[in-house]
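Participant: This is the structure I want to talk about, given as structure tokens.
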Amino acid sequence: MTKNKKTHEEELFVSGHRACHGCGMALSVRHILKATGPDVIVVTPTGCLETFTSPYGYSPWQVPWIHHLFENGPSIATGVAAALRAQKRESTRVVGIGGDGSTFDIGFGALSGMLERGDDVLYICVDNGAYMNTGGQRSGATPLYAATTTQPAGKASFGKMEKKKNIPVIVAAHGVPYVATASVAYVKDLQKKVKKAMEFRGPRYIHVDTPCPSVWGFPSDQTLEVGRLGVQSGLIPLFEMEEGKVTHVRKIKKKGLIAD
Amino acid sequence: MEISIGAVVKGGTSLAYKTGSWRDQRPVLDVEKCKECGTCESVCPDSSVHVVDEIYVIDYDYCKGCGLCAYECPADAILMVREEK
Amino acid sequence: MSVVKVLEGSEAVALAVKACRPHVISAYPISPQTHIVEGLARFVADGELDAEYVRVDSEFSAASVISGASAAGSRAYTASSSQGLLLMSEVLYASCGMRLPFVMTGVNRTVSAPISIQVDHQDTMSLRDCGMIQLFVESSQEAYDTHIAAFKIAEDPRIILPVMVCMDGWVLTHSYERVTLSEQEDVDRFLPSFRPVDFLDVKNPKTWGSIGEEDMVMELRYSVQQALQYAKGRIKEIFKEWAEISGRDYGGLIESYRTGDATMILVAMGSMAGTIKEAVDALRAEGEKVGLVKIRSYRPFPYEEIWEAVKGAEILAVVDANLSLGSEGAVGMDLKAKLYGHPDAPRVVDVIAGLGGRDVNESRIREIVGRVKEAMNSGYSLREPYWAGLNEAIVPTGGVK
């Protein structure tokens with residue numbers, strides 16, 4: 001193994017950010033940037049990731065990073081990519097990393113536009129299943145039957161009665177070169193998928209399940225366990241698609257898991 | 001405090017904020033049990049595990065005490081211990 | 001050798017933008033700006049303009065794409081109107097705060113509801129607070145020259161703010177005028193390539209869009225205000241510089257027309273200034289001592305220049321093709337606020353005219369002058385704005401009949 005690894009010197013996402021204990025999103029971003037390397041510009045819409053990485057004067061991003069608004073992560077990314085092309089900065093790539101609130105709901109139109117235009121952007125949705133930054137309101141990504149603060153389970157209601165919007169399939173329907181789903185519980189797989197995505201040009205999409213201990217209420221050391229349960233129960237299928245064809249699916253080993 | 005035009009910030013400046021103060025429990029690594037698999041370093045959301053002269057070391061300046069390293073360690077080499085304040 | 005062509009106003013703008021060599025253009029259609037972006041599309045399609053042309057999914061994205069491009073260090077441009085401008089408002093506020101210097105054309109058109117594609121200034125007025133520089137033009141020629149100056153103003157290292165060139169929809173964009181086009185080398189000499197102060201650069205990674213704590217937001221806003229104050233002088237200088245190259249001088253932040261001994265001065269922006277100049281000439285010939293102050297830079301608001309031009313008059317008639325419903329016209333409010341306190345300041349009457357495309361022609365101007373003269377002679381200022389040309393008989397009062 002390596003003799004010395006001073007994390008701060010090698011990490012592109014350093015310590016000192018203000019993510020909650022055990023944040024799945026923070027961990028996934030570390031691995032995303034390990035896979036992309038430093039020659040990237042990252043665009044993040046408003047959300048947990050933006051908030052915990054940008055109190056003024058305290059940025060963990062060792063890559064150029066821009067947060068603009070909530071609903072325009074994909075369009076800002078498009079603009080950056082266009083500028084890089086115009087300036088002939090060919091090796092630098094654009095990576096959008098945004099939460100489910102932005103990707104599924106308010107930024108959905110912008111995402112679709114970017115995909116349709118064929119812009120050279122890798123867009124990664126870090127999905128914790130609700131508007132967690134503001135305390136856990138329902139988003140289009142909230143799973144069926146989950147309770148959130150704007151759709152709680154109560155005496156007269158059951159929580160979310162609508163199915164989760166199937167974003168990876170919607171993205172794939174745009175005909176983009178690469179779509180994958182991943183989980184922070186399987187970081188090697190996540191890195192592999194990011195590296196794979198970087199081999200293509202054009203719009204690429206990776207959906208990462210990133211459980212949130214703070215709002216879903218599980219202990220902070222269980223983030224990866226919850227992630228694994230999600231995958232192994234079939235709730236979070238892990239697959240890859242290239243040019244519209246499914247190329248790989250992670251098989252589920254254990255079936256019929258019963259949650260405590 | 002100096003503010004730049006448009007509030008642009010240099011990257012990596014979060015290192016000035018020691019999130020270690022957030023802890024109420026700390027991971028303690030038993031080097032004897034450590035198999036040097038790298039799992040703890042890999043699963044830390046706060047990049048707070050370093051390798052110094054081939055030994056894994058927790059960076060208590062930033063470690064928030066989430067316990068993921070302890071939970072995920074395949075050798076059970078990390079114990080979470082209450083912080084004494 | 002500069003060339004004179006008979007051009008549609010939109011085409012003149014497209015040619016000006018082309019000459020400025022933008023790296024990135026975003027385009028979303030909305031009447032009456034669409035001809036501008038279509039003109040640029042043709043240049044790109046014919047290989048005459050080497051720009052990344054992005055056909056976006058909404059105006060929100062149009063403004064966002066040029067914001068991202070600007071942050072990454074590229075000169076960028078878009079155009080919109082009316083509903084599209086309103087949709088962009090969030091983006092424009094953010095980009096001003098982040099100091100992203102792009103240029104856009106705000107082709108003036110009224111806003112829904114009711115939906116109408118006709119001209120007034122309500123759309124750009126709704127964006128007057130965000131920090132963008134707003135320059136108004138009277139003619140297609142002025143639009144051509146002002147767009148070229150706009151890029152230089154935006155990119156000035158002590159300004160670094162986006163600039164909106166406001167031009168009347170249909171009246172200017174779709175009418176034909178003789179426009180003198182400058183040589184490319186003159187534009188290149190005047191406007192070298194964009195050298196951003198800061199940009200998204202892997203060699204020097206920085207973070208844009210941080211959270212502003214309560215101990216810094218006021219200071220950040222103040223820094224934008226300072227940039228706009230500085231811009232007043234710099235805008236004048238830049239137009240002077242271009243005037244020396246092109247031979248076309250529009251004055252500076254304002255143009256004073258026959259204000260020297262005027263007892264009544266009209267204040268206006270946009271294409272109606274041209275009509276008012278003709279009306280002023282006609283009225284002068286009849287012995288009326290009237291003049292016009294045409295505001296070119298609306299933001300930053302050039303109250304010092306306006307004061308110098310109007311201080312000798314008895315009364316001002318601000319012709320606002322917009323209003324802040326519940327109060328009065330925006331230019332009237334700005335002017336009254338800044339003149340208040342000068343002991344000999346002229347009285348100000350705010351006039352609402354030209355909403356939703358209602359024509360502001362010479363007879364309307366004569367009507368306005370007449371009404372304001374009544375106010376002048378009676379010695380009072382109108383507390384409520386005067387709605388010129390209002391057809392009171394058809395003002396709705398109840399439900400469907």
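Just so we're on the same page: first chain in the structure tokens is A, next is B, and so on; residues restart at 1 for each chain, and ligands are numbered from 1 in the order they show up.
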Could you tell me which residues of chain B sit within 12 Å of chain C when counting only C-alpha atoms, and give me the result as a PyMOL selection string?
Facilitator: chain B and resi 1-14
Participant: For chain C against chain A, which residues fall within 9 Å using only C-alpha atoms, given as an MDAnalysis selection string?
Facilitator: chainID C and resid 23:24 26 50:58 60:76 90:91 94:95 98 199:213
Participant: Please, could you write that set of residues out with N, CA and C atoms as a compact mmCIF listing (two decimals), in the first residue's frame?
Facilitator:
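In the end it all went to out32.txt:
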```txt
# COMPACT_ATOMS: atom_id res chain seq x y z
N HIS C 23 -18.04 34.55 -28.24
CA HIS C 23 -17.72 33.13 -28.26
C HIS C 23 -18.98 32.28 -28.20
N VAL C 24 -19.93 32.75 -27.39
CA VAL C 24 -21.13 31.95 -27.14
C VAL C 24 -22.37 32.81 -27.28
N SER C 26 -26.66 32.40 -27.01
CA SER C 26 -27.78 31.50 -26.75
C SER C 26 -29.02 32.13 -27.38
N ASP C 50 -17.81 32.70 -36.05
CA ASP C 50 -17.30 31.50 -35.38
C ASP C 50 -17.70 31.56 -33.91
N ALA C 51 -18.95 31.21 -33.63
CA ALA C 51 -19.43 31.24 -32.25
C ALA C 51 -20.13 29.93 -31.94
N GLU C 52 -20.15 29.59 -30.66
CA GLU C 52 -20.95 28.45 -30.22
C GLU C 52 -22.37 28.97 -30.07
N TYR C 53 -23.28 28.47 -30.90
CA TYR C 53 -24.66 28.97 -30.92
C TYR C 53 -25.53 27.92 -30.27
N VAL C 54 -26.10 28.26 -29.11
CA VAL C 54 -26.85 27.26 -28.34
C VAL C 54 -28.34 27.57 -28.39
N ARG C 55 -29.09 26.64 -28.97
CA ARG C 55 -30.55 26.82 -29.06
C ARG C 55 -31.14 26.22 -27.78
N VAL C 56 -31.57 27.09 -26.89
CA VAL C 56 -31.95 26.62 -25.57
C VAL C 56 -33.43 26.31 -25.44
N ASP C 57 -33.76 25.75 -24.26
CA ASP C 57 -35.11 25.27 -23.98
C ASP C 57 -36.00 26.33 -23.35
N SER C 58 -35.46 27.46 -22.96
CA SER C 58 -36.28 28.54 -22.37
C SER C 58 -35.36 29.75 -22.20
N PHE C 60 -34.89 31.18 -19.43
CA PHE C 60 -34.13 30.92 -18.20
C PHE C 60 -32.80 30.29 -18.57
N SER C 61 -32.89 29.30 -19.45
CA SER C 61 -31.67 28.65 -19.91
C SER C 61 -30.83 29.58 -20.79
N ALA C 62 -31.49 30.43 -21.57
CA ALA C 62 -30.73 31.35 -22.44
C ALA C 62 -29.82 32.23 -21.59
N ALA C 63 -30.38 32.80 -20.54
CA ALA C 63 -29.57 33.65 -19.67
C ALA C 63 -28.54 32.82 -18.90
N SER C 64 -28.91 31.60 -18.55
CA SER C 64 -28.00 30.74 -17.79
C SER C 64 -26.82 30.30 -18.63
N VAL C 65 -27.07 29.96 -19.87
CA VAL C 65 -25.98 29.51 -20.74
C VAL C 65 -24.94 30.63 -20.88
N ILE C 66 -25.38 31.86 -21.11
CA ILE C 66 -24.39 32.91 -21.27
C ILE C 66 -23.73 33.26 -19.93
N SER C 67 -24.43 33.00 -18.83
CA SER C 67 -23.80 33.21 -17.53
C SER C 67 -22.68 32.20 -17.32
N GLY C 68 -22.95 30.93 -17.61
CA GLY C 68 -21.93 29.89 -17.48
C GLY C 68 -20.75 30.18 -18.40
N ALA C 69 -21.06 30.59 -19.62
CA ALA C 69 -20.00 30.87 -20.59
C ALA C 69 -19.14 32.03 -20.12
N SER C 70 -19.78 33.05 -19.59
CA SER C 70 -19.06 34.22 -19.11
C SER C 70 -18.17 33.85 -17.93
N ALA C 71 -18.70 33.02 -17.02
CA ALA C 71 -17.90 32.59 -15.87
C ALA C 71 -16.69 31.79 -16.33
N ALA C 72 -16.84 31.09 -17.46
CA ALA C 72 -15.73 30.28 -17.97
C ALA C 72 -14.78 31.11 -18.83
N GLY C 73 -15.04 32.41 -18.93
CA GLY C 73 -14.10 33.30 -19.60
C GLY C 73 -14.42 33.65 -21.03
N SER C 74 -15.64 33.42 -21.48
CA SER C 74 -16.01 33.74 -22.87
C SER C 74 -16.94 34.93 -22.97
N ARG C 75 -16.78 35.68 -24.06
CA ARG C 75 -17.72 36.76 -24.36
C ARG C 75 -19.02 36.12 -24.83
N ALA C 76 -20.13 36.58 -24.27
CA ALA C 76 -21.40 35.89 -24.56
C ALA C 76 -22.54 36.87 -24.75
N GLU C 90 -34.44 36.04 -12.42
CA GLU C 90 -33.65 35.42 -11.37
C GLU C 90 -32.19 35.26 -11.81
N VAL C 91 -32.02 34.85 -13.04
CA VAL C 91 -30.67 34.62 -13.56
C VAL C 91 -29.89 35.92 -13.62
N ALA C 94 -28.69 37.05 -10.24
CA ALA C 94 -27.56 36.22 -9.78
C ALA C 94 -26.29 36.58 -10.53
N SER C 95 -26.42 36.80 -11.84
CA SER C 95 -25.22 37.07 -12.62
C SER C 95 -24.63 38.44 -12.33
N MET C 98 -22.74 37.91 -9.16
CA MET C 98 -21.53 37.14 -9.41
C MET C 98 -20.59 37.84 -10.37
N PHE C 199 -11.86 33.72 -13.93
CA PHE C 199 -12.70 32.80 -14.69
C PHE C 199 -12.44 31.37 -14.22
N LEU C 200 -13.35 30.47 -14.56
CA LEU C 200 -13.26 29.06 -14.15
C LEU C 200 -12.05 28.44 -14.84
N ASP C 201 -11.02 28.12 -14.05
CA ASP C 201 -9.74 27.74 -14.61
C ASP C 201 -9.15 26.60 -13.79
N VAL C 202 -8.90 25.45 -14.43
CA VAL C 202 -8.38 24.30 -13.68
C VAL C 202 -6.98 24.59 -13.10
N LYS C 203 -6.29 25.54 -13.70
CA LYS C 203 -4.94 25.83 -13.18
C LYS C 203 -5.00 26.62 -11.88
N ASN C 204 -6.15 27.21 -11.61
CA ASN C 204 -6.29 28.05 -10.42
C ASN C 204 -7.73 27.91 -9.92
N PRO C 205 -8.03 26.76 -9.30
CA PRO C 205 -9.44 26.47 -9.01
C PRO C 205 -10.05 27.41 -7.98
N LYS C 206 -11.16 28.00 -8.36
CA LYS C 206 -11.87 28.90 -7.46
C LYS C 206 -13.34 28.52 -7.42
N THR C 207 -14.00 29.09 -6.43
CA THR C 207 -15.39 28.74 -6.13
C THR C 207 -16.28 29.95 -6.35
N TRP C 208 -17.26 29.80 -7.25
CA TRP C 208 -18.21 30.89 -7.54
C TRP C 208 -19.56 30.58 -6.90
N GLY C 209 -20.21 31.61 -6.36
CA GLY C 209 -21.59 31.42 -5.91
C GLY C 209 -21.71 31.00 -4.46
N SER C 210 -20.78 31.48 -3.62
CA SER C 210 -20.83 31.13 -2.21
C SER C 210 -22.01 31.76 -1.49
N ILE C 211 -22.25 31.23 -0.28
CA ILE C 211 -23.28 31.81 0.57
C ILE C 211 -22.71 33.09 1.18
N GLY C 212 -23.47 34.17 1.12
CA GLY C 212 -23.03 35.42 1.71
C GLY C 212 -23.59 35.55 3.12
N GLU C 213 -22.69 35.67 4.09
CA GLU C 213 -23.15 35.80 5.47
C GLU C 213 -23.68 37.21 5.71
```
Participant: I'd like the neighbourhood of range 38-44 of chain B as a list in words, where a residue qualifies if any of its atoms comes within 7 Å (using only C-alpha atoms), though same-chain residues fewer than 2 positions away should be ignored.
Facilitator: Leu27 of chain A; Glu36, Asp46, Ser47, Ser48, Val49, His50, Leu68, Cys69 and Cys73 of chain B
Participant: Determine, counting only C-alpha atoms, which protein, DNA and RNA residues have an atom within 6 Å of an atom of Asp30 in chain B; residues of the same chain fewer than 2 positions away are not included. Present the result as a PyMOL selection string.
Facilitator: chain B and resi 32-33+77
Participant: Using Å and a single decimal, report how far CA of Ala113 in chain C sits from CA of Met272 in chain C.
Facilitator: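 Answer for the CA of Met272 in chain C to CA of Ala113 in chain C separation: 23.6 Å.
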Participant: Identify, with DSSP run on backbone atoms, the residues in range 3-65 of chain B assigned to helix (DSSP H, G or I), and express the list as a list in words.
Facilitator: Ile5, Gly6, Ala7, Thr13, Ser14, Leu15, Ala16, Thr19, Gly20, Ser21, Trp22, Thr39, Cys40, Glu41, Ser42 and Val43 of chain B
Participant: Give me the chain A side of the contact with chain B, cut-off 9 Å, one line per residue showing its nearest atom pair and distance in Å at one decimal, counting only C-alpha atoms, sorted by chain and residue number, as JSON lines.
Facilitator:
```
{"residue": "A:Met1", "atom": "CA", "partner": "B:Glu54", "partner_atom": "CA", "distance": 7.1}
{"residue": "A:Thr2", "atom": "CA", "partner": "B:Glu54", "partner_atom": "CA", "distance": 6.5}
{"residue": "A:Lys3", "atom": "CA", "partner": "B:Glu54", "partner_atom": "CA", "distance": 4.5}
{"residue": "A:Asn4", "atom": "CA", "partner": "B:Val52", "partner_atom": "CA", "distance": 4.8}
{"residue": "A:Lys5", "atom": "CA", "partner": "B:Val51", "partner_atom": "CA", "distance": 4.7}
{"residue": "A:Lys6", "atom": "CA", "partner": "B:His50", "partner_atom": "CA", "distance": 5.3}
{"residue": "A:Thr7", "atom": "CA", "partner": "B:His50", "partner_atom": "CA", "distance": 5.5}
{"residue": "A:His8", "atom": "CA", "partner": "B:Ser47", "partner_atom": "CA", "distance": 7.6}
{"residue": "A:Glu11", "atom": "CA", "partner": "B:Ser47", "partner_atom": "CA", "distance": 7.6}
{"residue": "A:Leu12", "atom": "CA", "partner": "B:Gly12", "partner_atom": "CA", "distance": 8.2}
{"residue": "A:Phe13", "atom": "CA", "partner": "B:Gly12", "partner_atom": "CA", "distance": 7.7}
{"residue": "A:Val14", "atom": "CA", "partner": "B:Ser47", "partner_atom": "CA", "distance": 6.2}
{"residue": "A:Ser15", "atom": "CA", "partner": "B:Asp46", "partner_atom": "CA", "distance": 5.1}
{"residue": "A:Gly16", "atom": "CA", "partner": "B:Ser14", "partner_atom": "CA", "distance": 4.7}
{"residue": "A:His17", "atom": "CA", "partner": "B:Ser14", "partner_atom": "CA", "distance": 5.8}
{"residue": "A:Arg18", "atom": "CA", "partner": "B:Thr19", "partner_atom": "CA", "distance": 7.4}
{"residue": "A:Ala19", "atom": "CA", "partner": "B:Asp46", "partner_atom": "CA", "distance": 8.2}
{"residue": "A:Cys20", "atom": "CA", "partner": "B:Lys64", "partner_atom": "CA", "distance": 8.4}
{"residue": "A:His21", "atom": "CA", "partner": "B:Cys66", "partner_atom": "CA", "distance": 4.8}
{"residue": "A:Gly22", "atom": "CA", "partner": "B:Cys66", "partner_atom": "CA", "distance": 5.0}
{"residue": "A:Cys23", "atom": "CA", "partner": "B:Pro45", "partner_atom": "CA", "distance": 6.4}
{"residue": "A:Gly24", "atom": "CA", "partner": "B:Pro45", "partner_atom": "CA", "distance": 7.2}
{"residue": "A:Met25", "atom": "CA", "partner": "B:Pro45", "partner_atom": "CA", "distance": 8.1}
{"residue": "A:Ala26", "atom": "CA", "partner": "B:Pro45", "partner_atom": "CA", "distance": 5.3}
{"residue": "A:Leu27", "atom": "CA", "partner": "B:Pro45", "partner_atom": "CA", "distance": 4.1}
{"residue": "A:Ser28", "atom": "CA", "partner": "B:Pro45", "partner_atom": "CA", "distance": 7.8}
{"residue": "A:Val29", "atom": "CA", "partner": "B:Pro45", "partner_atom": "CA", "distance": 8.6}
{"residue": "A:Arg30", "atom": "CA", "partner": "B:Pro45", "partner_atom": "CA", "distance": 7.3}
{"residue": "A:His31", "atom": "CA", "partner": "B:Ser42", "partner_atom": "CA", "distance": 8.3}
{"residue": "A:Thr53", "atom": "CA", "partner": "B:Ser14", "partner_atom": "CA", "distance": 8.0}
{"residue": "A:Ser54", "atom": "CA", "partner": "B:Ser14", "partner_atom": "CA", "distance": 8.6}
{"residue": "A:Pro55", "atom": "CA", "partner": "B:Ser14", "partner_atom": "CA", "distance": 8.8}
{"residue": "A:Tyr56", "atom": "CA", "partner": "B:Val9", "partner_atom": "CA", "distance": 7.1}
{"residue": "A:Gly57", "atom": "CA", "partner": "B:Val9", "partner_atom": "CA", "distance": 5.8}
{"residue": "A:Tyr58", "atom": "CA", "partner": "B:Ser14", "partner_atom": "CA", "distance": 3.8}
{"residue": "A:Ser59", "atom": "CA", "partner": "B:Ser14", "partner_atom": "CA", "distance": 4.6}
{"residue": "A:Pro60", "atom": "CA", "partner": "B:Gly12", "partner_atom": "CA", "distance": 4.5}
{"residue": "A:Trp61", "atom": "CA", "partner": "B:Gly11", "partner_atom": "CA", "distance": 5.1}
{"residue": "A:Gln62", "atom": "CA", "partner": "B:Gly11", "partner_atom": "CA", "distance": 5.0}
{"residue": "A:Val63", "atom": "CA", "partner": "B:Gly11", "partner_atom": "CA", "distance": 6.9}
{"residue": "A:Pro64", "atom": "CA", "partner": "B:Gly11", "partner_atom": "CA", "distance": 7.4}
{"residue": "A:Trp65", "atom": "CA", "partner": "B:Gly11", "partner_atom": "CA", "distance": 8.3}
{"residue": "A:Ala185", "atom": "CA", "partner": "B:Val43", "partner_atom": "CA", "distance": 8.9}
{"residue": "A:Val187", "atom": "CA", "partner": "B:Ser42", "partner_atom": "CA", "distance": 8.1}
{"residue": "A:Pro219", "atom": "CA", "partner": "B:Cys66", "partner_atom": "CA", "distance": 8.3}
{"residue": "A:Ser220", "atom": "CA", "partner": "B:Cys66", "partner_atom": "CA", "distance": 5.2}
{"residue": "A:Asp221", "atom": "CA", "partner": "B:Leu68", "partner_atom": "CA", "distance": 4.2}
{"residue": "A:Gln222", "atom": "CA", "partner": "B:Leu68", "partner_atom": "CA", "distance": 6.9}
{"residue": "A:Thr223", "atom": "CA", "partner": "B:Leu68", "partner_atom": "CA", "distance": 7.5}
{"residue": "A:Leu224", "atom": "CA", "partner": "B:Leu68", "partner_atom": "CA", "distance": 7.9}
{"residue": "A:Glu225", "atom": "CA", "partner": "B:Glu72", "partner_atom": "CA", "distance": 8.7}
```
Participant: Store the residues picked out above, limited to N, CA and C atoms, as a compact mmCIF listing (two decimals), in the first residue's frame.
Facilitator:
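Saved as selection.txt:
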```
# COMPACT_ATOMS: atom_id res chain seq x y z
N MET A 1 0.82 -1.20 0.00
CA MET A 1 0.00 0.00 0.00
C MET A 1 0.86 1.26 0.00
N THR A 2 0.23 2.37 -0.19
CA THR A 2 0.97 3.63 -0.29
C THR A 2 1.67 3.94 1.02
N LYS A 3 2.85 4.46 0.91
CA LYS A 3 3.62 4.81 2.11
C LYS A 3 3.01 6.01 2.80
N ASN A 4 2.68 7.00 1.99
CA ASN A 4 2.15 8.22 2.56
C ASN A 4 1.00 8.75 1.71
N LYS A 5 -0.07 9.10 2.37
CA LYS A 5 -1.16 9.71 1.62
C LYS A 5 -1.75 10.79 2.51
N LYS A 6 -1.23 11.95 2.35
CA LYS A 6 -1.81 13.07 3.08
C LYS A 6 -3.04 13.48 2.27
N THR A 7 -4.15 13.13 2.80
CA THR A 7 -5.37 13.30 2.02
C THR A 7 -5.54 14.70 1.46
N HIS A 8 -5.23 15.70 2.27
CA HIS A 8 -5.46 17.08 1.82
C HIS A 8 -4.70 17.39 0.54
N GLU A 11 -6.55 15.02 -2.34
CA GLU A 11 -8.00 15.10 -2.53
C GLU A 11 -8.38 16.31 -3.35
N LEU A 12 -9.40 16.12 -4.18
CA LEU A 12 -9.97 17.25 -4.88
C LEU A 12 -11.16 17.80 -4.12
N PHE A 13 -11.56 17.05 -3.06
CA PHE A 13 -12.70 17.47 -2.23
C PHE A 13 -12.21 17.34 -0.80
N VAL A 14 -11.70 18.44 -0.24
CA VAL A 14 -10.97 18.32 1.02
C VAL A 14 -11.88 18.45 2.23
N SER A 15 -11.24 18.24 3.40
CA SER A 15 -11.98 18.29 4.67
C SER A 15 -12.40 19.72 5.00
N GLY A 16 -13.25 19.81 6.01
CA GLY A 16 -13.67 21.12 6.48
C GLY A 16 -15.00 21.55 5.93
N HIS A 17 -15.59 20.74 5.00
CA HIS A 17 -16.93 21.10 4.50
C HIS A 17 -17.95 20.79 5.58
N ARG A 18 -19.14 21.34 5.40
CA ARG A 18 -20.11 21.32 6.49
C ARG A 18 -21.22 20.30 6.30
N ALA A 19 -20.92 19.21 5.59
CA ALA A 19 -21.92 18.15 5.45
C ALA A 19 -22.21 17.55 6.82
N CYS A 20 -23.41 17.02 6.97
CA CYS A 20 -23.78 16.33 8.20
C CYS A 20 -22.87 15.11 8.39
N HIS A 21 -22.79 14.62 9.64
CA HIS A 21 -22.07 13.37 9.91
C HIS A 21 -22.61 12.28 8.99
N GLY A 22 -21.71 11.56 8.36
CA GLY A 22 -22.14 10.39 7.61
C GLY A 22 -22.88 10.69 6.32
N CYS A 23 -22.69 11.89 5.76
CA CYS A 23 -23.42 12.30 4.55
C CYS A 23 -23.02 11.47 3.34
N GLY A 24 -24.01 10.82 2.75
CA GLY A 24 -23.76 9.99 1.58
C GLY A 24 -23.32 10.82 0.39
N MET A 25 -23.86 12.02 0.29
CA MET A 25 -23.54 12.89 -0.84
C MET A 25 -22.08 13.30 -0.82
N ALA A 26 -21.59 13.70 0.36
CA ALA A 26 -20.20 14.14 0.47
C ALA A 26 -19.26 13.01 0.06
N LEU A 27 -19.56 11.81 0.54
CA LEU A 27 -18.71 10.66 0.21
C LEU A 27 -18.72 10.39 -1.29
N SER A 28 -19.90 10.48 -1.89
CA SER A 28 -19.96 10.20 -3.33
C SER A 28 -19.18 11.25 -4.13
N VAL A 29 -19.22 12.50 -3.69
CA VAL A 29 -18.49 13.55 -4.42
C VAL A 29 -16.98 13.31 -4.35
N ARG A 30 -16.49 12.87 -3.19
CA ARG A 30 -15.07 12.50 -3.10
C ARG A 30 -14.70 11.51 -4.19
N HIS A 31 -15.54 10.48 -4.33
CA HIS A 31 -15.21 9.42 -5.29
C HIS A 31 -15.44 9.84 -6.74
N THR A 53 -20.87 23.17 0.94
CA THR A 53 -19.53 23.40 0.38
C THR A 53 -19.24 24.86 0.07
N SER A 54 -20.17 25.75 0.36
CA SER A 54 -19.84 27.13 0.00
C SER A 54 -20.20 28.23 0.98
N PRO A 55 -20.05 28.02 2.29
CA PRO A 55 -20.10 29.22 3.12
C PRO A 55 -18.93 30.09 2.70
N TYR A 56 -19.13 31.39 2.59
CA TYR A 56 -18.11 32.23 1.99
C TYR A 56 -16.76 32.06 2.68
N GLY A 57 -15.75 31.76 1.90
CA GLY A 57 -14.39 31.65 2.43
C GLY A 57 -13.98 30.26 2.83
N TYR A 58 -14.89 29.29 2.71
CA TYR A 58 -14.57 27.93 3.14
C TYR A 58 -15.01 26.93 2.09
N SER A 59 -14.21 26.79 1.04
CA SER A 59 -14.60 25.90 -0.05
C SER A 59 -13.73 24.65 -0.09
N PRO A 60 -14.32 23.45 -0.10
CA PRO A 60 -13.53 22.23 -0.18
C PRO A 60 -13.17 21.85 -1.61
N TRP A 61 -13.65 22.62 -2.59
CA TRP A 61 -13.50 22.25 -3.99
C TRP A 61 -12.11 22.62 -4.50
N GLN A 62 -11.32 21.59 -4.84
CA GLN A 62 -10.01 21.84 -5.43
C GLN A 62 -10.08 21.76 -6.96
N VAL A 63 -11.26 21.94 -7.47
CA VAL A 63 -11.48 22.10 -8.91
C VAL A 63 -12.30 23.37 -9.07
N PRO A 64 -12.25 24.01 -10.26
CA PRO A 64 -13.10 25.20 -10.43
C PRO A 64 -14.57 24.78 -10.31
N TRP A 65 -15.31 25.58 -9.58
CA TRP A 65 -16.68 25.19 -9.22
C TRP A 65 -17.58 26.40 -9.28
N ALA A 185 -23.02 3.27 -1.66
CA ALA A 185 -22.63 2.06 -0.94
C ALA A 185 -21.64 1.23 -1.73
N VAL A 187 -18.67 2.24 -3.79
CA VAL A 187 -17.87 3.36 -4.32
C VAL A 187 -16.97 2.95 -5.48
N PRO A 219 -28.79 6.06 12.07
CA PRO A 219 -27.52 6.52 12.64
C PRO A 219 -26.51 6.83 11.54
N SER A 220 -25.65 7.79 11.83
CA SER A 220 -24.74 8.29 10.80
C SER A 220 -23.75 7.25 10.30
N ASP A 221 -23.55 6.16 11.05
CA ASP A 221 -22.61 5.15 10.56
C ASP A 221 -23.29 4.11 9.66
N GLN A 222 -24.58 4.28 9.41
CA GLN A 222 -25.34 3.29 8.64
C GLN A 222 -25.58 3.69 7.20
N THR A 223 -24.98 4.79 6.79
CA THR A 223 -25.28 5.32 5.45
C THR A 223 -25.04 4.27 4.37
N LEU A 224 -23.91 3.59 4.45
CA LEU A 224 -23.61 2.61 3.40
C LEU A 224 -24.47 1.37 3.57
N GLU A 225 -24.79 1.02 4.82
CA GLU A 225 -25.67 -0.13 5.06
C GLU A 225 -27.05 0.13 4.45
```
Participant: Near range 297-311 of chain C, counting only C-alpha atoms, which residues have an atom at most 8 Å away, once you skip same-chain residues fewer than 6 positions from it, shown as a ChimeraX atom specification?
Facilitator: /C:128,131-136,228-229,231-232,253-254,256,259-260,265,334-335,338-339,344-346
Participant: Go through A:Tyr131, A:Phe200, A:Tyr205, A:Phe239 one by one, measure the shortest atom-to-atom distance of each to Ile97 in chain A using only C-alpha atoms, and give the residue with the smallest value.
Facilitator: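 Going through A:Tyr131, A:Phe200, A:Tyr205, A:Phe239 one by one, the smallest distance to Ile97 in chain A is for A:Tyr205.
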Participant: Which parts of range 47-123 of chain A does DSSP call strand (DSSP E) when run on the backbone here, written out as a PyMOL selection string?
Facilitator: chain A and resi 65-66+93-99+121-123
Participant: Could you write out that same residue set with C-alpha atoms as a CSV table (one decimal), in the first residue's frame?
Facilitator:
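Dumped everything to again_33.csv:
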```
chain,number,residue,atom,x,y,z
A,65,TRP,CA,-16.7,25.2,-9.2
A,66,ILE,CA,-19.7,27.3,-9.8
A,93,ARG,CA,-14.5,18.5,-19.1
A,94,VAL,CA,-17.7,19.7,-17.5
A,95,VAL,CA,-19.4,17.8,-14.7
A,96,GLY,CA,-22.7,18.8,-13.2
A,97,ILE,CA,-23.4,17.5,-9.7
A,98,GLY,CA,-26.9,18.3,-8.4
A,99,GLY,CA,-29.4,17.0,-6.0
A,121,VAL,CA,-21.7,17.5,-20.0
A,122,LEU,CA,-21.6,14.6,-17.5
A,123,TYR,CA,-24.6,15.3,-15.2
```
